[in-house]
$ cat final-v9.tsv   # TSV, C-alpha atoms
chain	number	residue	atom	x	y	z
A	1	MET	CA	0.00	0.00	0.00
A	2	LYS	CA	1.13	3.52	-0.75
A	3	THR	CA	0.36	6.57	1.39
A	4	ILE	CA	-0.04	10.09	0.02
A	5	GLU	CA	-0.13	12.97	2.47
A	6	ILE	CA	-1.44	16.36	1.39
A	7	LYS	CA	0.21	18.98	3.57
A	8	ASN	CA	-0.39	22.60	4.46
A	9	ARG	CA	1.98	24.61	2.25
A	10	PHE	CA	2.83	26.96	5.13
A	11	THR	CA	3.08	24.71	8.20
A	12	GLU	CA	3.75	21.25	6.68
A	13	GLU	CA	0.85	19.94	8.81
A	14	VAL	CA	-0.90	16.97	7.18
A	15	ILE	CA	-4.29	18.06	5.85
A	16	TYR	CA	-5.37	14.77	4.28
A	17	THR	CA	-4.04	11.22	4.06
A	18	PHE	CA	-4.87	8.83	1.24
A	19	ILE	CA	-3.86	5.16	1.20
A	20	SER	CA	-4.19	2.94	-1.87
A	21	GLU	CA	-2.26	0.26	-3.73
A	22	ASN	CA	-1.11	2.59	-6.53
A	23	ALA	CA	-1.90	5.97	-4.98
A	24	THR	CA	-1.09	9.15	-6.87
A	25	LEU	CA	-1.43	12.76	-5.77
A	26	ARG	CA	-4.27	13.13	-8.28
A	27	ASP	CA	-6.10	10.16	-6.70
A	28	ALA	CA	-5.56	11.64	-3.25
A	29	LEU	CA	-6.97	15.01	-4.38
A	30	ILE	CA	-10.04	13.42	-5.94
A	31	ASP	CA	-10.65	11.48	-2.73
A	32	ALA	CA	-10.09	14.58	-0.59
A	33	VAL	CA	-12.59	16.59	-2.65
A	34	LYS	CA	-15.16	13.76	-2.46
A	35	ASN	CA	-14.71	13.79	1.33
A	36	ARG	CA	-14.96	17.60	1.46
A	37	ALA	CA	-11.48	18.12	2.91
A	38	ASN	CA	-10.44	21.76	3.31
A	39	LEU	CA	-7.61	22.09	0.77
A	40	SER	CA	-7.44	25.88	0.79
A	41	ARG	CA	-3.82	25.88	2.03
A	42	ALA	CA	-2.73	22.62	0.45
A	43	ASP	CA	0.66	22.24	-1.23
A	44	LEU	CA	-0.36	20.95	-4.66
A	45	PHE	CA	3.02	21.32	-6.34
A	46	GLY	CA	3.36	18.56	-8.92
A	47	ALA	CA	-0.34	17.68	-9.02
A	48	ASP	CA	-1.82	17.05	-12.46
A	49	LEU	CA	-5.07	18.98	-12.16
A	50	GLN	CA	-5.88	19.32	-15.85
A	51	PRO	CA	-9.41	18.17	-16.68
A	52	PHE	CA	-9.42	15.02	-18.79
A	53	CYS	CA	-11.79	13.14	-21.06
A	54	LYS	CA	-11.26	10.71	-23.91
A	55	TRP	CA	-11.74	13.30	-26.68
A	56	ASN	CA	-9.46	16.18	-27.59
A	57	ILE	CA	-11.13	19.45	-26.71
A	58	SER	CA	-10.13	22.84	-28.06
A	59	ILE	CA	-11.41	26.35	-28.65
A	60	ILE	CA	-11.84	27.53	-32.24
A	61	ASP	CA	-12.78	31.20	-32.30
A	62	GLU	CA	-15.58	31.17	-29.70
A	63	ASN	CA	-16.68	27.63	-30.54
A	64	ILE	CA	-15.71	24.49	-28.67
A	65	LYS	CA	-14.48	21.41	-30.50
A	66	ILE	CA	-15.04	18.08	-28.74
A	67	GLY	CA	-13.62	15.20	-30.76
A	68	CYS	CA	-14.62	16.00	-34.34
A	69	LYS	CA	-17.74	18.06	-33.45
A	70	ILE	CA	-17.52	21.87	-33.41
A	71	LYS	CA	-20.38	23.81	-31.82
A	72	SER	CA	-21.11	27.12	-30.16
A	73	ILE	CA	-21.50	27.16	-26.39
A	74	ASN	CA	-25.26	27.49	-26.84
A	75	ASP	CA	-25.40	24.50	-29.20
A	76	TRP	CA	-23.35	22.37	-26.78
A	77	ASP	CA	-25.67	23.42	-23.92
A	78	VAL	CA	-28.64	22.26	-26.02
A	79	PHE	CA	-26.87	18.97	-26.77
A	80	PHE	CA	-25.98	18.28	-23.12
A	81	ASN	CA	-29.57	19.05	-22.06
A	82	SER	CA	-31.00	16.72	-24.72
A	83	THR	CA	-31.09	12.94	-25.02
A	84	LYS	CA	-28.98	12.90	-28.21
A	85	GLU	CA	-25.83	10.78	-28.23
A	86	TYR	CA	-22.82	10.62	-30.51
A	87	GLU	CA	-20.38	7.84	-29.55
A	88	THR	CA	-20.37	8.03	-25.76
A	89	LYS	CA	-23.45	6.76	-23.92
A	90	ARG	CA	-25.21	9.21	-21.63
A	91	GLY	CA	-25.16	8.41	-17.93
A	92	THR	CA	-21.66	6.91	-18.06
A	93	GLU	CA	-18.66	8.22	-16.13
A	94	GLU	CA	-16.97	9.04	-19.45
A	95	PHE	CA	-19.95	11.16	-20.58
A	96	LYS	CA	-19.80	13.05	-17.26
A	97	LYS	CA	-16.09	13.75	-17.86
A	98	ILE	CA	-16.79	15.08	-21.35
A	99	GLN	CA	-19.50	17.37	-20.02
A	100	ALA	CA	-17.29	18.50	-17.11
A	101	VAL	CA	-14.45	19.47	-19.46
A	102	PHE	CA	-16.95	21.30	-21.69
A	103	GLU	CA	-18.13	23.27	-18.63
A	104	CYS	CA	-14.49	24.21	-17.88
A	105	TYR	CA	-13.95	25.50	-21.43
A	106	LYS	CA	-17.30	27.32	-21.41
A	107	THR	CA	-16.34	29.09	-18.18
A	108	TYR	CA	-12.96	30.04	-19.65
A	109	ILE	CA	-14.53	31.56	-22.80
A	110	ASN	CA	-17.24	33.37	-20.84
A	111	PHE	CA	-14.68	34.79	-18.42
A	112	LEU	CA	-12.61	36.22	-21.29
A	113	ARG	CA	-15.66	37.89	-22.85

$ encode --input "final-v9.tsv" --output "structure tokens"
Amino acid sequence: MKTIEIKNRFTEEVIYTFISENATLRDALIDAVKNRANLSRADLFGADLQPFCKWNISIIDENIKIGCKIKSINDWDVFFNSTKEYETKRGTEEFKKIQAVFECYKTYINFLR
């Protein structure tokens, strides 16, 4: 078993401990967030916090490209609020990840506006 300790970046006090066979800092952070740990002063140096899903996602002008589909934010909102599917089944963990990354990109574009 491997132990990951998330420490306070100022005091070195342990904020959260995660134990798992192949524990990573990313796994520890996900577990800490699920358990509502206060990470406001956590030392997250070296953590891979980039959102991830199976499709490449990019911004083209003010549109968002997910896989091979390019849509406006409004059109993606309509899609995610519909029952339509492309390749990934709705209700799956992978679909949730795709939608979560879309929400990140949408927030980024809207912030820059």

$ residues_around --input "final-v9.tsv" --residues "Glu87 of chain A" --least-positions-apart "4" --cutoff "12 Å" --atoms "all atoms listed in the file" --output "list in words"
Lys54, Trp55, Ile66, Gly67, Cys68, Lys69, Thr92, Glu94, Phe95 and Ile98 of chain A

$ write_last_selection --input "final-v9.tsv" --atoms "C-alpha atoms" --output "tab-separated table (two decimals), in the coordinates of the input"
chain	number	residue	atom	x	y	z
A	54	LYS	CA	-11.26	10.71	-23.91
A	55	TRP	CA	-11.74	13.30	-26.68
A	66	ILE	CA	-15.04	18.08	-28.74
A	67	GLY	CA	-13.62	15.20	-30.76
A	68	CYS	CA	-14.62	16.00	-34.34
A	69	LYS	CA	-17.74	18.06	-33.45
A	92	THR	CA	-21.66	6.91	-18.06
A	94	GLU	CA	-16.97	9.04	-19.45
A	95	PHE	CA	-19.95	11.16	-20.58
A	98	ILE	CA	-16.79	15.08	-21.35

$ residues_near_point --input "final-v9.tsv" --point "(-5.2, -2.7, 4.0)" --cutoff "12 Å" --atoms "only C-alpha atoms" --output "ChimeraX atom specification"
/A:1-3,18-21

$ atom_distance --input "final-v9.tsv" --atom1 "atom CA of Arg26 of chain A" --atom2 "atom CA of Leu44 of chain A"
9.5 Å

$ closest_residue --input "final-v9.tsv" --among "A:Phe111, A:Ile6, A:Ala100, A:Glu12" --to "Leu29 of chain A" --atoms "all atoms listed in the file"
A:Ile6

$ residues_around --input "final-v9.tsv" --residues "Ile64 of chain A" --least-positions-apart "5" --cutoff "10 Å" --atoms "all atoms listed in the file" --output "PyMOL selection string"
chain A and resi 57-59+69-73+75-76+102+105-106+109

$ closest_residue --input "final-v9.tsv" --among "A:Asn8, A:Asn22, A:Glu62, A:Glu103" --to "Phe80 of chain A" --atoms "all atoms listed in the file"
A:Glu103

$ atom_distance --input "final-v9.tsv" --atom1 "atom CA of Ala47 of chain A" --atom2 "atom CA of Leu25 of chain A"
6.0 Å

$ atom_distance --input "final-v9.tsv" --atom1 "atom CA of Cys53 of chain A" --atom2 "atom CA of Lys97 of chain A"
5.4 Å

$ residues_around --input "final-v9.tsv" --residues "Ser40 of chain A" --least-positions-apart "2" --cutoff "12 Å" --atoms "only C-alpha atoms" --output "short mmCIF file (atom, residue, chain, number, x, y, z; two decimals) with C-alpha atoms, in the coordinates of the input"
data_model
loop_
_atom_site.label_atom_id
_atom_site.label_comp_id
_atom_site.auth_asym_id
_atom_site.auth_seq_id
_atom_site.Cartn_x
_atom_site.Cartn_y
_atom_site.Cartn_z
CA ILE A 6 -1.44 16.36 1.39
CA LYS A 7 0.21 18.98 3.57
CA ASN A 8 -0.39 22.60 4.46
CA ARG A 9 1.98 24.61 2.25
CA PHE A 10 2.83 26.96 5.13
CA ILE A 15 -4.29 18.06 5.85
CA TYR A 16 -5.37 14.77 4.28
CA ALA A 32 -10.09 14.58 -0.59
CA VAL A 33 -12.59 16.59 -2.65
CA ARG A 36 -14.96 17.60 1.46
CA ALA A 37 -11.48 18.12 2.91
CA ASN A 38 -10.44 21.76 3.31
CA ALA A 42 -2.73 22.62 0.45
CA ASP A 43 0.66 22.24 -1.23
CA LEU A 44 -0.36 20.95 -4.66
#

$ closest_residue --input "final-v9.tsv" --among "A:Glu93, A:Asp61, A:Glu5, A:Asp77" --to "Ala23 of chain A" --atoms "all atoms listed in the file"
A:Glu5
